Amino acid sequence: MPADRAGRTWWRDGVLYQIYPRSFMDTNGDGVGDLRGITQRLDHLQWLGVEGIWLDPIMVSPNDDWGYDVADYVEVDPSFGTLADADTLIEEASKRGIRVILDLVPNHTSDRHPWFLDAKSARDARHRDWYVWADPKADGSVPNNWGMAFDPRRPAWTFDEASGQYYLNQFLPSQPDLNWWNEEVRDAFDAILRFWFDRGIAGFRIDVCHSVIKDRELRDNPPATPEDHWYVRMMGQRSVYNACRPEVHDVLRRWRKIAESYDPPRVLIGETYVLEPEAFATFYGAGDELNLAFNFMLIHSQFRAAELRDAIQHAEELLPSDAWPVWTGGNHDNHRFPTRWCKNDPARTRAALVMLMGLRGTPFLYYGDEIGMVDTDVPADRILDPVGVFHGARMGRDDERTPMHWSAVAGAGFSEPAVEPWLPYGDYGAYNVADQRHDPDSVLALTRDLIGLRDAMPELRNGSYRTVPGPSDDVWVWRRGERTVVACNLSEHVVEVAGVGPGAIRISTIRARADERVDGALHLAPWEAAIVWRD
Ligand code: NOJ
C-alpha cells in the first residue's frame with residue numbers, strides 16, 4: 001500500500017471514488033465490467049488525482065441483488081475475474097498511489113451460500129443458528145411486523161415449510177439475515193476481514209452496518225409518525241428493533257481492532273443509513289468504531305442552498321470533535337446527482353462539484369461524476385434491479401448503474417462495439433472522458449482542478465467549517481479555516497455576497513474567473529460557485 005505523504009492521511013485528505021465494477025470497463029467482451037478493466041483504467045484515476053477506490057461487491061454472487069447477495073466471501077465472482085486479478089489490481093493501484101477498498105456484506109448472505117444451505121437442511125444443522133429463525137405466531141403468521149426494505153408492503157420473513165419456521169430477510173427472501181448474536185458468525189467474519197486485509201486492501205465499505213444486530217426478542221417496530229423522515233414514513237415503521245441496536249457498537253469495535261492491528265491500519269467506512277442525526281453520530285464511537293460513516297442526509301436533501309446548508313450544519317454540530325465526515329452526492333442506490341439535484345443542467349452540476357469538494361470531510365465521487373454523467377433511462381424491458389422490478393424503472397437503481405462513458409465511439413470505450421452491455425448505454429456522445437480531456441472548460445477539467453486544489457490548499461482539506469450568512473436562502477456561503485471561503489449560488493439570479501474579499505478567486509465554475517480579485521463583495525452568476533482565498 002502506498003505510504004502517505006508527510007502530514008497526510010489518505011482517507012481524510014484525499015478524494016475517494018466509487019466504482020460499480022460491472023459498469024466500469026469490460027475487457028473480455030461479455031458486456032460486463034471486470035477487474036482487469038479497472039486495472040486498465042487506473043491511469044485515468046491517477047490523472048484525476050483520486051487516492052482510493054471503493055469497489056461494489058466483487059465476491060461470488062448469484063446476483064439476485066447484484067453482488068449484495070454473497071455466496072462465497074473469499075473468492076472473486078467469475079464474471080469479474082479471479083483472485084489473481086484482484087491481486088494485480090491492488091498492486092497496480094498501489095503503484096499509482098491509489099488504495100483499494102472492497103465492499104463487505106455482513107448483514108446477510110445469499111440463500112445459496114453453503115452456510116444457509118446447511119442452516120436450512122435441518123433444525124439441528126451446524127449452521128442453523130447462524131441465521132435468524134423464529135416460530136410462527138399461534139395463528140401461523142409472521143413472527144413480528146418488520147417489513148422488507150425493498151418493499152415495505154411485504155414482511156421481512158420467509159416461511160420454510162420443511163422446518164416450520166420463518167427466517168428473517170430484511171432485503172430479498174434470497175438474502176437471509178445472519179445472526180450476529182452467534183459468536184461463530186463473528187469469528188467467520190474476522191477471518192474474512194483478515195483474508196482481504198492480508199491481500200493488501202486498504203479497508204472495507206460495510207453494507208448496512210448499522211443493522212447487523214437485531215433485537216434479541218424480535219420485538220415489533222413502532223409505527224412511523226407524521227414528524228418522521230419521509231423514508232421512515234414510506235417504510236411505515238421506525239427501525240427501533242431491527243437497526244441501531246446498542247450491541248452493534250461491540251461488533252464495530254471488534255472490526256476496528258482488527259483493522260488497527262495492520263500496518264498501515266485498514267479503514268472502515270460504514271453504510272450508515274441512519275436518518276436520525278443523533279443516532280448517526282454514534283457510529284464513530286470514541287474513535288474506536290467506523291473511520292468514516294456515510295451521512296445520507298445530504299443525498300436526501302433537495303438541491304436548495306438552505307436545505308443543504310442545514311443538513312451539513314446539523315452534522316457538524318452533532319459529530320464528535322475527532323470524527324471525520326464523508327460526503328457524497330450519489331451512489332449505486334440513488335439517482336446520479338447531475339440528474340437528481342441538477343436536472344441534467346451542466347451549470348448546476350459544476351456548482352454541486354464545487355460544493356462537494358469544498359465541504360469539511362472526505363468527498364466520494366461515484367464513477368462518471370467527474371464528467372457530469374447523468375442517469376440513463378433504462379427501459380422497462382431491461383430492468384435488472386429488484387427494486388425496479390417491485391416498483392418500476394424510475395424507482396429502481398438501474399438508471400445510475402449503466403456503463404461508464406470513456407469515449408464517443410460505439411461501445412463507449414467500455415466494451416467492444418458489437419457487444420450489448422449488461423445495462424444499456426447512456427448518451428456517451430454528450431458526456432465522455434475522451435472528449436472532455438481535450439476541453440479545459442469541461443466538467444472533467446473542473447473536477448480534476450478541484451481535486452488538485454484540495455491537495456494544494458491545506459485549509460480546504462482540514463480547515464474548520466463555519467456557515468457565513470449569505471444574501472438569501474438560495475446562496476450558501478461557508479468559511480474553511482481562516483482564509484478560505486466557499487460560495488454557492490443555487491439560483492437563477494445574479495447575487496452579491498458581501499464581505500468575502502479582499503482576496504482572489506482560486507477556482508470558479510466559470511473558469512475564466514480564476515485569479516480574479518475580490519475586493520469586497522463577490523458577485524456570482526446564476527448557478528455559479530467559487531472558492532476564494534482571502535488575503
Ligand atoms: C445497501 C446496498 O448499497 C444496496 O445496493 C443493497 O441492495 C442493500 N444494501 C442490501 O445489501
# chains A, B, ... in the order shown; residues from 1 in each chain; ligands from 1
$ residues_near_ligand --ligand "ligand 1" --cutoff "7 Å" --atoms "only C-alpha atoms and all ligand atoms" --output "list in words"
Asp65, Tyr68, Asp69, Val105, Phe171, Asp207, Val208, His332 and Asp333 of chain A
$ write_last_selection --atoms "N, CA, C and O atoms" --output "short mmCIF file (atom, residue, chain, number, x, y, z; two decimals), in the first residue's frame"
data_model
loop_
_atom_site.label_atom_id
_atom_site.label_comp_id
_atom_site.auth_asym_id
_atom_site.auth_seq_id
_atom_site.Cartn_x
_atom_site.Cartn_y
_atom_site.Cartn_z
N ASP A 65 -29.26 -9.58 -6.05
CA ASP A 65 -29.14 -8.15 -5.71
C ASP A 65 -27.77 -7.63 -6.15
O ASP A 65 -27.12 -6.88 -5.45
N TYR A 68 -24.74 -7.98 -3.79
CA TYR A 68 -25.07 -7.83 -2.36
C TYR A 68 -25.74 -9.09 -1.81
O TYR A 68 -26.38 -9.05 -0.76
N ASP A 69 -25.60 -10.18 -2.52
CA ASP A 69 -26.06 -11.49 -2.06
C ASP A 69 -24.85 -12.41 -2.29
O ASP A 69 -24.67 -12.94 -3.37
N VAL A 105 -20.35 -7.43 2.97
CA VAL A 105 -21.80 -7.55 3.18
C VAL A 105 -22.05 -8.51 4.36
O VAL A 105 -22.27 -9.71 4.16
N PHE A 171 -33.88 -7.83 3.22
CA PHE A 171 -33.87 -7.44 1.81
C PHE A 171 -34.68 -8.49 1.03
O PHE A 171 -35.85 -8.68 1.33
N ASP A 207 -21.63 -2.77 4.24
CA ASP A 207 -23.03 -2.68 3.85
C ASP A 207 -23.95 -2.74 5.08
O ASP A 207 -23.71 -3.55 6.00
N VAL A 208 -24.98 -1.91 5.06
CA VAL A 208 -25.96 -1.81 6.16
C VAL A 208 -25.38 -2.15 7.54
O VAL A 208 -25.97 -2.92 8.31
N HIS A 332 -24.61 3.91 -5.96
CA HIS A 332 -25.33 2.95 -6.79
C HIS A 332 -26.78 2.73 -6.36
O HIS A 332 -27.49 1.94 -6.98
N ASP A 333 -27.19 3.37 -5.26
CA ASP A 333 -28.57 3.22 -4.78
C ASP A 333 -29.40 4.47 -5.00
O ASP A 333 -30.57 4.51 -4.59
#
$ select_by_dssp --residues "range 123-274 of chain A" --states "alpha helix (DSSP H)" --output "number ranges by chain"
A: 183-198, 230-235, 248-260
$ closest_residue --among "A:Asp515, A:Asp228, A:Asp398, A:Asp190" --to "Ala259 in chain A" --atoms "only C-alpha atoms"
A:Asp190
$ closest_atom_pairs --of "range 42-128 of chain A" --to "range 193-201 of chain A" --cutoff "10 Å" --atoms "only C-alpha atoms" --output "CSV"
residue,atom,partner,partner_atom,distance
A:Tyr73,CA,A:Phe195,CA,9.4
A:Val74,CA,A:Phe195,CA,7.2
A:Leu83,CA,A:Arg199,CA,9.5
A:Ala86,CA,A:Arg199,CA,8.8
A:Asp87,CA,A:Arg199,CA,6.9
A:Leu89,CA,A:Ile201,CA,10.0
A:Ile90,CA,A:Ile201,CA,6.7
A:Glu91,CA,A:Gly200,CA,8.2
A:Ser94,CA,A:Gly200,CA,9.3
A:Arg99,CA,A:Ile201,CA,7.0
A:Val100,CA,A:Ile201,CA,5.3
A:Ile101,CA,A:Ile201,CA,5.9
A:Leu102,CA,A:Ile201,CA,7.2
A:Leu104,CA,A:Leu193,CA,8.5
$ write_last_selection --atoms "C-alpha atoms" --output "JSON list (two decimals), in the first residue's frame"
[["chain", "number", "residue", "atom", "x", "y", "z"],
["A", 73, "TYR", "CA", -16.74, -14.20, 0.71],
["A", 74, "VAL", "CA", -13.20, -15.28, -0.12],
["A", 83, "LEU", "CA", -8.23, -13.63, -7.05],
["A", 86, "ALA", "CA", -7.68, -8.76, -7.65],
["A", 87, "ASP", "CA", -4.06, -9.03, -6.52],
["A", 89, "LEU", "CA", -5.41, -4.59, -9.34],
["A", 90, "ILE", "CA", -4.28, -3.94, -5.75],
["A", 91, "GLU", "CA", -0.64, -3.94, -6.82],
["A", 94, "SER", "CA", -0.64, 0.91, -5.25],
["A", 99, "ARG", "CA", -5.72, 2.27, -2.35],
["A", 100, "VAL", "CA", -8.40, -0.34, -2.93],
["A", 101, "ILE", "CA", -11.43, -0.59, -0.64],
["A", 102, "LEU", "CA", -13.79, -3.55, -1.02],
["A", 104, "LEU", "CA", -18.27, -6.23, 2.79]]
$ residues_around --residues "range 347-362 of chain A" --least-positions-apart "4" --cutoff "9 Å" --atoms "only C-alpha atoms" --output "ChimeraX atom specification"
/A:11-16,292,303,312,316,324-329,337-339,341-343,369-370,372,443,446-447,450-451,454,460-465,478,480,485-490,507-510,526-531
$ residues_around --residues "Val32 in chain A" --least-positions-apart "5" --cutoff "12 Å" --atoms "only C-alpha atoms" --output "number ranges by chain"
A: 20-27, 37-38, 66, 77-81, 401-404, 411, 414-416, 419-424
$ residues_around --residues "Ser121 in chain A" --least-positions-apart "4" --cutoff "9 Å" --atoms "only C-alpha atoms" --output "number ranges by chain"
A: 116-117, 125, 128, 162-163
$ residues_around --residues "range 175-182 of chain A" --least-positions-apart "6" --cutoff "7 Å" --atoms "only C-alpha atoms" --output "list of chain:residue names"
A:Asp69, A:Asn107, A:His108, A:Thr109, A:Ser110, A:Asp111, A:Asp129, A:Trp130, A:Tyr131, A:Val132, A:Tyr167, A:Leu168, A:Asn169, A:Val212, A:Ile213
$ residues_around --residues "His127 in chain A" --least-positions-apart "4" --cutoff "7 Å" --atoms "only C-alpha atoms" --output "ChimeraX atom specification"
/A:115,118-119
$ write_last_selection --atoms "all heavy atoms" --output "mmCIF file, in the first residue's frame"
data_model
loop_
_atom_site.group_PDB
_atom_site.id
_atom_site.type_symbol
_atom_site.label_atom_id
_atom_site.label_comp_id
_atom_site.auth_asym_id
_atom_site.auth_seq_id
_atom_site.Cartn_x
_atom_site.Cartn_y
_atom_site.Cartn_z
ATOM 1 N N TRP A 115 -23.406 -21.854 4.047
ATOM 2 C CA TRP A 115 -23.898 -21.728 5.428
ATOM 3 C C TRP A 115 -25.422 -21.811 5.463
ATOM 4 O O TRP A 115 -25.994 -22.471 6.322
ATOM 5 C CB TRP A 115 -23.512 -20.374 6.054
ATOM 6 C CG TRP A 115 -22.050 -20.101 6.163
ATOM 7 C CD1 TRP A 115 -21.022 -21.001 6.189
ATOM 8 C CD2 TRP A 115 -21.436 -18.803 6.278
ATOM 9 N NE1 TRP A 115 -19.815 -20.347 6.324
ATOM 10 C CE2 TRP A 115 -20.047 -19.005 6.379
ATOM 11 C CE3 TRP A 115 -21.926 -17.492 6.318
ATOM 12 C CZ2 TRP A 115 -19.140 -17.943 6.508
ATOM 13 C CZ3 TRP A 115 -21.038 -16.444 6.456
ATOM 14 C CH2 TRP A 115 -19.656 -16.663 6.543
ATOM 15 N N ASP A 118 -26.860 -25.272 4.516
ATOM 16 C CA ASP A 118 -26.796 -26.171 5.670
ATOM 17 C C ASP A 118 -27.848 -25.780 6.714
ATOM 18 O O ASP A 118 -28.592 -26.637 7.211
ATOM 19 C CB ASP A 118 -25.381 -26.125 6.271
ATOM 20 C CG ASP A 118 -25.284 -26.968 7.514
ATOM 21 O OD1 ASP A 118 -25.591 -28.175 7.440
ATOM 22 O OD2 ASP A 118 -24.940 -26.422 8.598
ATOM 23 N N ALA A 119 -27.937 -24.469 6.992
ATOM 24 C CA ALA A 119 -28.870 -23.999 8.031
ATOM 25 C C ALA A 119 -30.297 -24.449 7.730
ATOM 26 O O ALA A 119 -31.072 -24.795 8.631
ATOM 27 C CB ALA A 119 -28.814 -22.477 8.128
#
$ atom_distance --atom1 "CA of Ala202 in chain A" --atom2 "CA of Glu92 in chain A"
13.6 Å
$ closest_atom_pairs --of "range 225-245 of chain A" --to "range 215-219 of chain A" --cutoff "10 Å" --atoms "only C-alpha atoms" --output "CSV"
residue,atom,partner,partner_atom,distance
A:Val240,CA,A:Asp215,CA,8.7
A:Tyr241,CA,A:Asp215,CA,5.1
A:Asn242,CA,A:Asp215,CA,6.2
A:Ala243,CA,A:Asp215,CA,8.2
A:Cys244,CA,A:Asp215,CA,9.6
A:Arg245,CA,A:Asp215,CA,6.9
$ closest_residue --among "A:Gly31, A:Pro277, A:Pro379, A:Pro502" --to "Asp519 in chain A" --atoms "only C-alpha atoms"
A:Pro502
$ decode --residues "range 127-164 of chain A" --atoms "N, CA and C atoms" --output "CSV table (one decimal), in the first residue's frame"
chain,number,residue,atom,x,y,z
A,127,HIS,N,-25.1,-25.0,11.0
A,127,HIS,CA,-25.2,-23.5,10.8
A,127,HIS,C,-26.6,-23.0,11.1
A,128,ARG,N,-27.5,-23.8,11.6
A,128,ARG,CA,-28.9,-23.3,11.8
A,128,ARG,C,-28.9,-21.9,12.5
A,129,ASP,N,-28.2,-21.8,13.6
A,129,ASP,CA,-28.2,-20.6,14.4
A,129,ASP,C,-27.4,-19.5,13.9
A,130,TRP,N,-26.8,-19.7,12.7
A,130,TRP,CA,-26.1,-18.6,12.1
A,130,TRP,C,-27.0,-17.6,11.4
A,131,TYR,N,-28.3,-18.0,11.3
A,131,TYR,CA,-29.3,-17.1,10.7
A,131,TYR,C,-30.4,-16.9,11.7
A,132,VAL,N,-31.3,-15.9,11.4
A,132,VAL,CA,-32.3,-15.5,12.4
A,132,VAL,C,-33.6,-16.3,12.1
A,133,TRP,N,-33.9,-17.3,12.9
A,133,TRP,CA,-35.1,-18.1,12.7
A,133,TRP,C,-36.1,-17.9,13.8
A,134,ALA,N,-37.4,-17.9,13.5
A,134,ALA,CA,-38.4,-17.7,14.6
A,134,ALA,C,-39.6,-18.5,14.2
A,135,ASP,N,-40.3,-19.0,15.3
A,135,ASP,CA,-41.5,-19.7,15.1
A,135,ASP,C,-42.7,-18.8,14.6
A,136,PRO,N,-43.6,-19.3,13.9
A,136,PRO,CA,-44.8,-18.5,13.6
A,136,PRO,C,-45.5,-18.1,14.8
A,137,LYS,N,-46.3,-17.1,14.7
A,137,LYS,CA,-47.2,-16.8,15.9
A,137,LYS,C,-48.3,-17.9,15.9
A,138,ALA,N,-49.1,-17.9,17.0
A,138,ALA,CA,-50.1,-19.0,17.2
A,138,ALA,C,-51.0,-19.2,16.0
A,139,ASP,N,-51.3,-18.1,15.3
A,139,ASP,CA,-52.2,-18.1,14.1
A,139,ASP,C,-51.4,-18.4,12.8
A,140,GLY,N,-50.1,-18.7,13.0
A,140,GLY,CA,-49.3,-19.1,11.8
A,140,GLY,C,-48.7,-17.9,11.1
A,141,SER,N,-49.0,-16.7,11.6
A,141,SER,CA,-48.5,-15.5,10.9
A,141,SER,C,-47.0,-15.2,11.3
A,142,VAL,N,-46.5,-14.2,10.6
A,142,VAL,CA,-45.0,-13.9,10.7
A,142,VAL,C,-44.7,-13.5,12.2
A,143,PRO,N,-43.5,-13.7,12.6
A,143,PRO,CA,-43.1,-13.5,14.0
A,143,PRO,C,-43.2,-12.1,14.5
A,144,ASN,N,-43.0,-11.1,13.6
A,144,ASN,CA,-43.2,-9.7,14.0
A,144,ASN,C,-43.6,-8.8,12.8
A,145,ASN,N,-43.6,-7.5,13.0
A,145,ASN,CA,-44.1,-6.6,12.0
A,145,ASN,C,-43.1,-6.0,11.1
A,146,TRP,N,-41.8,-6.5,11.1
A,146,TRP,CA,-40.8,-5.9,10.3
A,146,TRP,C,-41.1,-6.1,8.8
A,147,GLY,N,-40.9,-5.0,8.1
A,147,GLY,CA,-41.1,-5.0,6.6
A,147,GLY,C,-39.8,-5.1,5.8
A,148,MET,N,-39.9,-5.6,4.6
A,148,MET,CA,-38.8,-5.8,3.7
A,148,MET,C,-38.3,-4.4,3.3
A,149,ALA,N,-37.0,-4.1,3.3
A,149,ALA,CA,-36.5,-2.8,3.0
A,149,ALA,C,-36.9,-2.5,1.5
A,150,PHE,N,-36.8,-3.5,0.6
A,150,PHE,CA,-37.1,-3.2,-0.8
A,150,PHE,C,-38.6,-3.1,-1.1
A,151,ASP,N,-39.4,-3.5,-0.2
A,151,ASP,CA,-40.8,-3.4,-0.4
A,151,ASP,C,-41.6,-3.5,0.9
A,152,PRO,N,-41.8,-2.4,1.6
A,152,PRO,CA,-42.3,-2.5,3.0
A,152,PRO,C,-43.7,-3.1,3.0
A,153,ARG,N,-44.4,-3.3,1.9
A,153,ARG,CA,-45.7,-4.0,2.0
A,153,ARG,C,-45.5,-5.5,2.3
A,154,ARG,N,-44.3,-6.0,2.1
A,154,ARG,CA,-44.1,-7.4,2.3
A,154,ARG,C,-43.4,-7.6,3.6
A,155,PRO,N,-43.7,-8.7,4.3
A,155,PRO,CA,-43.0,-8.9,5.6
A,155,PRO,C,-41.5,-9.3,5.3
A,156,ALA,N,-40.7,-9.1,6.3
A,156,ALA,CA,-39.3,-9.4,6.2
A,156,ALA,C,-39.0,-10.8,6.6
A,157,TRP,N,-40.0,-11.7,6.4
A,157,TRP,CA,-39.9,-13.1,6.9
A,157,TRP,C,-40.3,-14.0,5.8
A,158,THR,N,-39.6,-15.1,5.7
A,158,THR,CA,-40.0,-16.1,4.7
A,158,THR,C,-40.2,-17.5,5.4
A,159,PHE,N,-41.3,-18.1,5.1
A,159,PHE,CA,-41.6,-19.4,5.8
A,159,PHE,C,-40.9,-20.5,5.1
A,160,ASP,N,-40.2,-21.3,6.0
A,160,ASP,CA,-39.6,-22.5,5.5
A,160,ASP,C,-40.4,-23.7,5.8
A,161,GLU,N,-41.1,-24.2,4.8
A,161,GLU,CA,-42.1,-25.3,5.0
A,161,GLU,C,-41.4,-26.5,5.7
A,162,ALA,N,-40.2,-26.9,5.3
A,162,ALA,CA,-39.6,-28.1,5.8
A,162,ALA,C,-39.4,-28.1,7.3
A,163,SER,N,-39.0,-26.9,7.8
A,163,SER,CA,-38.7,-26.9,9.3
A,163,SER,C,-39.8,-26.2,10.1
A,164,GLY,N,-40.8,-25.6,9.4
A,164,GLY,CA,-41.9,-25.0,10.1
A,164,GLY,C,-41.5,-23.7,10.8
